[in-house]
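See structure below.
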Amino acid sequence: MKVKTLTTPLTEKVVRGLHVGDVVMLDGHIFTGRESFYMRAAEQSILPDIDYDRCNVQMHVGPVIDETPNGFRVVGLTPTGSIRMERYAAGLVERLGTRALIGKGAMAEKTLRAMCQVGCVHLSNIGIIPCALAHSITKVLDVHFLQEIGPTEATWVFEVNQFGPFLVDMDTHGQIYQDRIRENAERLRPEVLRRLGVSKDFTYTPI
Amino acid sequence: MIAQSLVYQAVYEAFSRASRSIPRDVEDAFLRHIEECSTPASLGRVHLEKTLENVRTAERESTLACPDTGYPTVYIRVGRQVELEGGMFALTEQVERAVACVTAESKLRKTMVNPITRENPLTNVIGGMPHIELKFDKTIDYLEITAVPKGGGSEICGTYYRMMVPLDGLDGIYTFVIDSALKALESGRSCPPNIVGVGIGGTADVCMKIAKQAAVLRPVGDRHPDDLISDMEKKLVKAINALGMGPMGTGGEPSCFDVHVEWAGTHTAALPVAFNAQCSVARRATVRVYRDNSIEELDWPDWFGRGISR
């Protein structure tokens, strides 16, 4: 596995140079945001006060973080399914100029179009590695809306070092890595059903 | 008479262990597939190796095998002669107390919310959560408590149900399972390789319940004692893996570690079928509480009360 290290803030040029199938690690700053981030931003225009030009990588995640007398301790984090954010992600990518979304699994057409236009990629986890990712967070820089929406949904800002690896699974050239996997499975489906003994013309009774 | 404090301790221990580790059967499945993987550098193999390595770190450092500890679910098998201090309602009280405590200790993420207001009490105790399922068994004389923190990926993107009619038959069952698998495996949303549970029969709710029990409570490698059912299980493992969706949906094999099928009596006019996927970090821990107030830790329960054929 050939791995590239990218340093944030990511530039448009670097992002447009990435292709699905590339594997990357991240150094620098990232922020987190999932359902509540999108709902509040899109429906109520409430955005965490972050310099989005400097901090332009967003991770879909609900980390487990302890509040200790010595500050926050990151227990573990792994990206959450990005497709759930499909309704609002395109609008936020356009508005904030996000260069990378980190999540679990690719998103759909609307987000892909915004990514191509803005210059943004989607990165998915390789393995479920909450311990390694937690170890790569060198500092919890800030947290927004912790009281209002709790630690799982709050927006955290992290300093990270060798954070990853992540698979580029949506790129600025309009490609989605998992599309060919699904197309292949759909092509195999009739043969798989035939081997199970399902008759070729089977359809469910319309009840 | 079993002391309430022991029930609390058993639930506490079970969730603590389940959240930081995977049971032995699941670890074996990881190892077997890593070894069988033909191309060492394939993404699928890296997924499996990294995930297993992480689970070992979590166990060593006593942190989380996966931060999405999901829906706190507890399955309790109650033996015939079992008496509980304070009556059976103590089960509900002690499960809620233990779940709130492991949540406060960050062994469970603060995940359960009100579905409409999205309010989060930060305890995982809200509106019927933690969920408890009880089963009574005249052949045992202990409490068998299994904690299953079931992740959102597999529950949100890996659960499907269809009411069919008897004439749809096996063709309908197989078509439904394969099409559900295609959706669950898409882009790794259900965190494959999955342990797939298939429920056939019952009412709509019973059908999904047994599908889920099949997925989360039976160990990988366990075969149904009925030849007809075990034959379906073996065929479906092959079929789902033949789709080539692979670990985290990035291609190759395996897409599933196992398929478990359960059935329940149903209406003569009905053929309900349900699909419930468990994620690869298939967390479960079982503790038996005996009437002499001793406890025993196990990797899986004997939920269906017919022994384990693994």
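By convention here, the chains of the structure tokens are called A, B, ... in the order presented, each chain's residues are numbered starting at 1, and ligands are numbered starting at 1 in the order presented.
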What's the 9 Å shell around Gly252 in chain B, counting only C-alpha atoms, without same-chain residues fewer than 3 positions away, as an mmCIF file with N, CA and C atoms, in the first residue's frame?
```
data_model
loop_
_atom_site.group_PDB
_atom_site.id
_atom_site.type_symbol
_atom_site.label_atom_id
_atom_site.label_comp_id
_atom_site.auth_asym_id
_atom_site.auth_seq_id
_atom_site.Cartn_x
_atom_site.Cartn_y
_atom_site.Cartn_z
ATOM 1 N N ILE A 181 -17.379 -1.803 -7.622
ATOM 2 C CA ILE A 181 -17.623 -2.977 -6.767
ATOM 3 C C ILE A 181 -19.111 -3.323 -6.821
ATOM 4 N N SER B 42 -3.909 -6.834 -0.621
ATOM 5 C CA SER B 42 -5.250 -6.392 -1.011
ATOM 6 C C SER B 42 -5.873 -5.553 0.090
ATOM 7 N N LEU B 43 -6.702 -4.609 -0.339
ATOM 8 C CA LEU B 43 -7.338 -3.696 0.597
ATOM 9 C C LEU B 43 -8.169 -4.474 1.624
ATOM 10 N N GLY B 44 -8.833 -5.521 1.154
ATOM 11 C CA GLY B 44 -9.662 -6.330 2.051
ATOM 12 C C GLY B 44 -8.851 -6.930 3.178
ATOM 13 N N ASN B 241 -20.865 -14.240 -0.226
ATOM 14 C CA ASN B 241 -19.443 -13.998 -0.489
ATOM 15 C C ASN B 241 -19.141 -13.948 -1.989
ATOM 16 N N ALA B 242 -19.951 -14.652 -2.776
ATOM 17 C CA ALA B 242 -19.728 -14.656 -4.235
ATOM 18 C C ALA B 242 -20.045 -13.296 -4.865
ATOM 19 N N LEU B 243 -20.720 -12.414 -4.125
ATOM 20 C CA LEU B 243 -21.023 -11.077 -4.665
ATOM 21 C C LEU B 243 -19.772 -10.203 -4.758
ATOM 22 N N GLY B 244 -18.718 -10.603 -4.013
ATOM 23 C CA GLY B 244 -17.428 -9.910 -4.143
ATOM 24 C C GLY B 244 -17.394 -8.496 -3.583
ATOM 25 N N MET B 245 -18.285 -8.181 -2.655
ATOM 26 C CA MET B 245 -18.309 -6.811 -2.081
ATOM 27 C C MET B 245 -17.155 -6.608 -1.097
ATOM 28 N N GLY B 246 -16.823 -7.629 -0.324
ATOM 29 C CA GLY B 246 -15.611 -7.607 0.482
ATOM 30 C C GLY B 246 -15.650 -6.789 1.756
ATOM 31 N N PRO B 247 -14.543 -6.894 2.545
ATOM 32 C CA PRO B 247 -14.438 -6.143 3.797
ATOM 33 C C PRO B 247 -14.611 -4.639 3.547
ATOM 34 N N GLY B 249 -16.718 -3.185 2.054
ATOM 35 C CA GLY B 249 -17.296 -2.903 0.744
ATOM 36 C C GLY B 249 -16.305 -2.464 -0.310
ATOM 37 N N SER B 255 -17.350 -11.104 2.365
ATOM 38 C CA SER B 255 -18.377 -10.100 2.658
ATOM 39 C C SER B 255 -19.086 -10.448 3.955
#
```
Run DSSP on the backbone of this structure and report the residues of chain A it assigns to strand (DSSP E), as a PyMOL selection string. chain A and resi 3-7+23-32+57-59+64-68+71-76+100-103+121-125+137-144+155-170
Using only C-alpha atoms, find each residue of chain A with at least one atom at most 8 Å away from an atom of chain B; report its shortest atom-to-atom pair and that distance in Å (one decimal), sort the rows by chain and rising residue number, and return the result as a Markdown table.
```
| residue | atom | partner | partner_atom | distance |
| --- | --- | --- | --- | --- |
| A:Met1 | CA | B:Ala41 | CA | 6.6 |
| A:Gly62 | CA | B:Asp68 | CA | 7.8 |
| A:Pro63 | CA | B:Pro67 | CA | 6.8 |
| A:Val64 | CA | B:Arg109 | CA | 6.0 |
| A:Ile65 | CA | B:Ser106 | CA | 7.7 |
| A:Asp66 | CA | B:Ser106 | CA | 7.0 |
| A:Val75 | CA | B:Thr63 | CA | 6.5 |
| A:Gly76 | CA | B:Pro67 | CA | 5.7 |
| A:Leu77 | CA | B:Pro67 | CA | 5.7 |
| A:Thr78 | CA | B:Pro67 | CA | 6.6 |
| A:Thr80 | CA | B:Gly153 | CA | 7.7 |
| A:Gly81 | CA | B:Arg189 | CA | 6.2 |
| A:Lys104 | CA | B:Arg189 | CA | 7.0 |
| A:Gly105 | CA | B:Ser187 | CA | 4.7 |
| A:Ala106 | CA | B:Ser187 | CA | 6.1 |
| A:Ile126 | CA | B:His47 | CA | 5.4 |
| A:Gly127 | CA | B:His47 | CA | 3.9 |
| A:Ile128 | CA | B:Thr51 | CA | 4.8 |
| A:Ile129 | CA | B:Asn54 | CA | 5.3 |
| A:Pro130 | CA | B:Cys66 | CA | 6.2 |
| A:Cys131 | CA | B:Asn54 | CA | 6.1 |
| A:Ala132 | CA | B:Asn54 | CA | 7.0 |
| A:Ile149 | CA | B:Asn120 | CA | 7.6 |
| A:Gly150 | CA | B:Asn120 | CA | 7.3 |
| A:Pro151 | CA | B:Lys110 | CA | 7.8 |
| A:Thr152 | CA | B:Lys110 | CA | 6.8 |
| A:Tyr177 | CA | B:Thr250 | CA | 7.8 |
| A:Gln178 | CA | B:Ser187 | CA | 5.8 |
| A:Ile181 | CA | B:Gly251 | CA | 5.8 |
| A:Arg182 | CA | B:Glu186 | CA | 6.7 |
| A:Asn184 | CA | B:Gly244 | CA | 7.7 |
| A:Ala185 | CA | B:Leu243 | CA | 4.8 |
| A:Glu186 | CA | B:Leu243 | CA | 7.9 |
| A:Leu188 | CA | B:Leu243 | CA | 6.2 |
| A:Arg189 | CA | B:Leu243 | CA | 6.9 |
| A:Val192 | CA | B:Ala239 | CA | 5.7 |
| A:Leu193 | CA | B:Thr175 | CA | 6.8 |
| A:Arg195 | CA | B:Ala239 | CA | 8.0 |
| A:Leu196 | CA | B:Lys235 | CA | 7.0 |
| A:Gly197 | CA | B:Asp171 | CA | 7.4 |
| A:Val198 | CA | B:Asp171 | CA | 4.8 |
| A:Ser199 | CA | B:Asp171 | CA | 6.9 |
| A:Phe202 | CA | B:Asp171 | CA | 6.9 |
| A:Thr203 | CA | B:Gly172 | CA | 7.7 |
| A:Tyr204 | CA | B:Asp168 | CA | 6.2 |
| A:Thr205 | CA | B:Asp168 | CA | 6.6 |
| A:Ile207 | CA | B:Met164 | CA | 7.6 |
```
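Look at range 4-16 of chain B: the protein and nucleic acid residues within 8 Å of it, using only C-alpha atoms and passing over chain neighbours fewer than 5 places away, are B:Leu84, B:Glu85, B:Gly86, B:Ala90, B:Leu91, B:Gln94, B:Val95, B:Arg97, B:Ala98, B:Val99, B:Cys101, B:Val102, B:Lys107, B:Leu108, B:Ile145, B:Thr146, B:Ala147, B:Val148, B:Pro149, B:Arg284, B:Ala285, B:Thr286, B:Val287, B:Arg288, B:Val289, B:Asn293, B:Ile295.
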Serialized selection, N, CA and C atoms, as a PDB file, in the first residue's frame:
```pdb
ATOM      1  N   LEU B  84     -34.997 -14.026  42.231  1.00  0.00           N
ATOM      2  CA  LEU B  84     -34.168 -12.834  42.270  1.00  0.00           C
ATOM      3  C   LEU B  84     -34.577 -11.966  43.456  1.00  0.00           C
ATOM      4  N   GLU B  85     -33.574 -11.542  44.185  1.00  0.00           N
ATOM      5  CA  GLU B  85     -33.823 -10.635  45.312  1.00  0.00           C
ATOM      6  C   GLU B  85     -34.581  -9.402  44.799  1.00  0.00           C
ATOM      7  N   GLY B  86     -35.703  -9.121  45.418  1.00  0.00           N
ATOM      8  CA  GLY B  86     -36.478  -7.940  44.995  1.00  0.00           C
ATOM      9  C   GLY B  86     -37.412  -8.214  43.830  1.00  0.00           C
ATOM     10  N   ALA B  90     -36.184  -6.297  39.284  1.00  0.00           N
ATOM     11  CA  ALA B  90     -34.798  -5.902  39.592  1.00  0.00           C
ATOM     12  C   ALA B  90     -33.910  -6.031  38.349  1.00  0.00           C
ATOM     13  N   LEU B  91     -34.276  -6.913  37.428  1.00  0.00           N
ATOM     14  CA  LEU B  91     -33.483  -7.040  36.193  1.00  0.00           C
ATOM     15  C   LEU B  91     -33.448  -5.702  35.457  1.00  0.00           C
ATOM     16  N   GLN B  94     -31.414  -3.058  37.500  1.00  0.00           N
ATOM     17  CA  GLN B  94     -29.963  -3.269  37.558  1.00  0.00           C
ATOM     18  C   GLN B  94     -29.322  -3.093  36.178  1.00  0.00           C
ATOM     19  N   VAL B  95     -30.027  -3.487  35.120  1.00  0.00           N
ATOM     20  CA  VAL B  95     -29.496  -3.269  33.772  1.00  0.00           C
ATOM     21  C   VAL B  95     -29.365  -1.766  33.513  1.00  0.00           C
ATOM     22  N   ARG B  97     -29.070   0.647  35.696  1.00  0.00           N
ATOM     23  CA  ARG B  97     -28.008   1.203  36.556  1.00  0.00           C
ATOM     24  C   ARG B  97     -26.631   0.890  35.970  1.00  0.00           C
ATOM     25  N   ALA B  98     -26.454  -0.356  35.552  1.00  0.00           N
ATOM     26  CA  ALA B  98     -25.141  -0.778  35.034  1.00  0.00           C
ATOM     27  C   ALA B  98     -24.812  -0.055  33.727  1.00  0.00           C
ATOM     28  N   VAL B  99     -25.810   0.102  32.854  1.00  0.00           N
ATOM     29  CA  VAL B  99     -25.578   0.779  31.569  1.00  0.00           C
ATOM     30  C   VAL B  99     -25.217   2.250  31.814  1.00  0.00           C
ATOM     31  N   CYS B 101     -23.773   3.415  34.370  1.00  0.00           N
ATOM     32  CA  CYS B 101     -22.430   3.454  34.967  1.00  0.00           C
ATOM     33  C   CYS B 101     -21.338   3.215  33.912  1.00  0.00           C
ATOM     34  N   VAL B 102     -21.475   2.191  33.073  1.00  0.00           N
ATOM     35  CA  VAL B 102     -20.448   1.962  32.044  1.00  0.00           C
ATOM     36  C   VAL B 102     -20.420   3.132  31.047  1.00  0.00           C
ATOM     37  N   LYS B 107     -17.153   3.499  28.629  1.00  0.00           N
ATOM     38  CA  LYS B 107     -17.063   2.174  28.017  1.00  0.00           C
ATOM     39  C   LYS B 107     -18.194   1.998  27.009  1.00  0.00           C
ATOM     40  N   LEU B 108     -19.215   2.832  27.146  1.00  0.00           N
ATOM     41  CA  LEU B 108     -20.241   2.952  26.115  1.00  0.00           C
ATOM     42  C   LEU B 108     -20.296   4.432  25.736  1.00  0.00           C
ATOM     43  N   ILE B 145     -26.779 -13.859  31.058  1.00  0.00           N
ATOM     44  CA  ILE B 145     -26.907 -12.459  30.636  1.00  0.00           C
ATOM     45  C   ILE B 145     -25.903 -12.165  29.531  1.00  0.00           C
ATOM     46  N   THR B 146     -26.401 -11.707  28.387  1.00  0.00           N
ATOM     47  CA  THR B 146     -25.503 -11.383  27.276  1.00  0.00           C
ATOM     48  C   THR B 146     -25.655  -9.909  26.917  1.00  0.00           C
ATOM     49  N   ALA B 147     -24.532  -9.195  26.942  1.00  0.00           N
ATOM     50  CA  ALA B 147     -24.534  -7.790  26.571  1.00  0.00           C
ATOM     51  C   ALA B 147     -24.111  -7.662  25.122  1.00  0.00           C
ATOM     52  N   VAL B 148     -24.918  -6.955  24.343  1.00  0.00           N
ATOM     53  CA  VAL B 148     -24.592  -6.708  22.935  1.00  0.00           C
ATOM     54  C   VAL B 148     -24.677  -5.208  22.657  1.00  0.00           C
ATOM     55  N   PRO B 149     -23.534  -4.525  22.617  1.00  0.00           N
ATOM     56  CA  PRO B 149     -23.561  -3.139  22.163  1.00  0.00           C
ATOM     57  C   PRO B 149     -23.555  -3.172  20.633  1.00  0.00           C
ATOM     58  N   ARG B 284     -19.947  -8.947  21.800  1.00  0.00           N
ATOM     59  CA  ARG B 284     -20.920  -9.660  22.643  1.00  0.00           C
ATOM     60  C   ARG B 284     -20.164 -10.261  23.802  1.00  0.00           C
ATOM     61  N   ALA B 285     -20.728 -10.262  24.967  1.00  0.00           N
ATOM     62  CA  ALA B 285     -20.120 -10.940  26.114  1.00  0.00           C
ATOM     63  C   ALA B 285     -21.227 -11.508  26.987  1.00  0.00           C
ATOM     64  N   THR B 286     -20.999 -12.727  27.453  1.00  0.00           N
ATOM     65  CA  THR B 286     -22.025 -13.428  28.227  1.00  0.00           C
ATOM     66  C   THR B 286     -21.508 -13.717  29.636  1.00  0.00           C
ATOM     67  N   VAL B 287     -22.377 -13.539  30.599  1.00  0.00           N
ATOM     68  CA  VAL B 287     -22.050 -13.890  31.988  1.00  0.00           C
ATOM     69  C   VAL B 287     -23.198 -14.724  32.542  1.00  0.00           C
ATOM     70  N   ARG B 288     -22.865 -15.877  33.113  1.00  0.00           N
ATOM     71  CA  ARG B 288     -23.899 -16.671  33.777  1.00  0.00           C
ATOM     72  C   ARG B 288     -23.857 -16.404  35.274  1.00  0.00           C
ATOM     73  N   VAL B 289     -25.017 -16.212  35.843  1.00  0.00           N
ATOM     74  CA  VAL B 289     -25.118 -15.999  37.287  1.00  0.00           C
ATOM     75  C   VAL B 289     -25.849 -17.208  37.865  1.00  0.00           C
ATOM     76  N   ASN B 293     -24.835 -17.800  43.693  1.00  0.00           N
ATOM     77  CA  ASN B 293     -24.215 -16.469  43.575  1.00  0.00           C
ATOM     78  C   ASN B 293     -22.783 -16.492  43.055  1.00  0.00           C
ATOM     79  N   ILE B 295     -20.392 -16.557  39.493  1.00  0.00           N
ATOM     80  CA  ILE B 295     -20.595 -16.141  38.109  1.00  0.00           C
ATOM     81  C   ILE B 295     -19.538 -16.753  37.192  1.00  0.00           C
TER      82      ILE B 295
END
```
Could you go through range 82-188 of chain B and tell me which residues DSSP, when run on the backbone, assigns to alpha helix (DSSP H), listing them as number ranges by chain? B: 89-104, 152-157, 169-185
Would you mind listing what lies within 12 Å of Gly97 in chain A as a ChimeraX atom specification, with only C-alpha atoms counted and same-chain residues fewer than 4 positions away left out? /A:9-12,15,51-58,89-93,101,114-121
With C-alpha atoms kept, could you save the residues just selected as a PDB file, in the first residue's frame?
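New file again.pdb:
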```pdb
ATOM      1  CA  PRO A   9      -4.843  23.205   5.036  1.00  0.00           C
ATOM      2  CA  LEU A  10      -5.209  21.225   1.828  1.00  0.00           C
ATOM      3  CA  THR A  11      -4.793  23.207  -1.376  1.00  0.00           C
ATOM      4  CA  GLU A  12      -7.097  22.845  -4.367  1.00  0.00           C
ATOM      5  CA  VAL A  15      -6.825  17.731  -3.847  1.00  0.00           C
ATOM      6  CA  ASP A  51     -11.390  29.590  10.272  1.00  0.00           C
ATOM      7  CA  TYR A  52     -12.542  27.251   7.503  1.00  0.00           C
ATOM      8  CA  ASP A  53      -9.827  28.452   5.108  1.00  0.00           C
ATOM      9  CA  ARG A  54      -7.174  27.183   7.489  1.00  0.00           C
ATOM     10  CA  CYS A  55      -9.095  24.190   8.825  1.00  0.00           C
ATOM     11  CA  ASN A  56     -10.593  22.675   5.692  1.00  0.00           C
ATOM     12  CA  VAL A  57     -10.914  18.960   6.465  1.00  0.00           C
ATOM     13  CA  GLN A  58     -14.142  17.750   8.079  1.00  0.00           C
ATOM     14  CA  ALA A  89     -23.206  17.999   2.535  1.00  0.00           C
ATOM     15  CA  ALA A  90     -23.055  19.536  -0.964  1.00  0.00           C
ATOM     16  CA  GLY A  91     -24.302  22.893   0.318  1.00  0.00           C
ATOM     17  CA  LEU A  92     -21.797  22.940   3.168  1.00  0.00           C
ATOM     18  CA  VAL A  93     -18.873  21.891   0.982  1.00  0.00           C
ATOM     19  CA  LEU A 101     -14.614  14.954   4.022  1.00  0.00           C
ATOM     20  CA  ALA A 114     -20.185  19.723  -5.424  1.00  0.00           C
ATOM     21  CA  MET A 115     -16.834  18.044  -4.781  1.00  0.00           C
ATOM     22  CA  CYS A 116     -15.866  18.196  -8.465  1.00  0.00           C
ATOM     23  CA  GLN A 117     -16.839  21.842  -8.658  1.00  0.00           C
ATOM     24  CA  VAL A 118     -15.240  23.028  -5.395  1.00  0.00           C
ATOM     25  CA  GLY A 119     -12.226  20.703  -5.364  1.00  0.00           C
ATOM     26  CA  CYS A 120     -12.929  18.299  -2.508  1.00  0.00           C
ATOM     27  CA  VAL A 121     -12.415  14.559  -1.956  1.00  0.00           C
TER      28      VAL A 121
END
```
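Atom pair CA of Glu109 in chain A / CA of Glu183 in chain A has a distance of 15.7 Å (rounded to one decimal).
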Near Ser36 in chain A, counting only C-alpha atoms, which residues have an atom at most 8 Å away, once you skip same-chain residues fewer than 3 positions from it, shown as number ranges by chain? A: 33, 39-40, 149, 153-154
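Between CA of Phe304 in chain B and CA of Lys209 in chain B the separation is 12.7 Å.
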Which polymer residues have any atom within 10 Å of an atom of Asp22 in chain A, counting only C-alpha atoms, with same-chain residues fewer than 5 positions away left out, as a ChimeraX atom specification? /A:1-4,123,166-169,171,177
Could the residues in this selection be saved with C-alpha atoms as a PDB file, in the first residue's frame?
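Ended up saving to out_26.pdb:
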```pdb
ATOM      1  CA  MET A   1       0.000   0.000   0.000  1.00  0.00           C
ATOM      2  CA  LYS A   2       1.605   3.277  -1.172  1.00  0.00           C
ATOM      3  CA  VAL A   3       0.727   6.058   1.215  1.00  0.00           C
ATOM      4  CA  LYS A   4       0.909   9.834   0.643  1.00  0.00           C
ATOM      5  CA  LEU A 123     -11.747   9.774   2.423  1.00  0.00           C
ATOM      6  CA  PHE A 166      -7.666   6.713   4.495  1.00  0.00           C
ATOM      7  CA  LEU A 167      -8.802   5.604   1.061  1.00  0.00           C
ATOM      8  CA  VAL A 168      -9.717   8.285  -1.473  1.00  0.00           C
ATOM      9  CA  ASP A 169     -13.120   6.945  -2.556  1.00  0.00           C
ATOM     10  CA  ASP A 171     -12.423  12.330  -6.255  1.00  0.00           C
ATOM     11  CA  TYR A 177     -14.327   3.876  -5.828  1.00  0.00           C
TER      12      TYR A 177
END
```
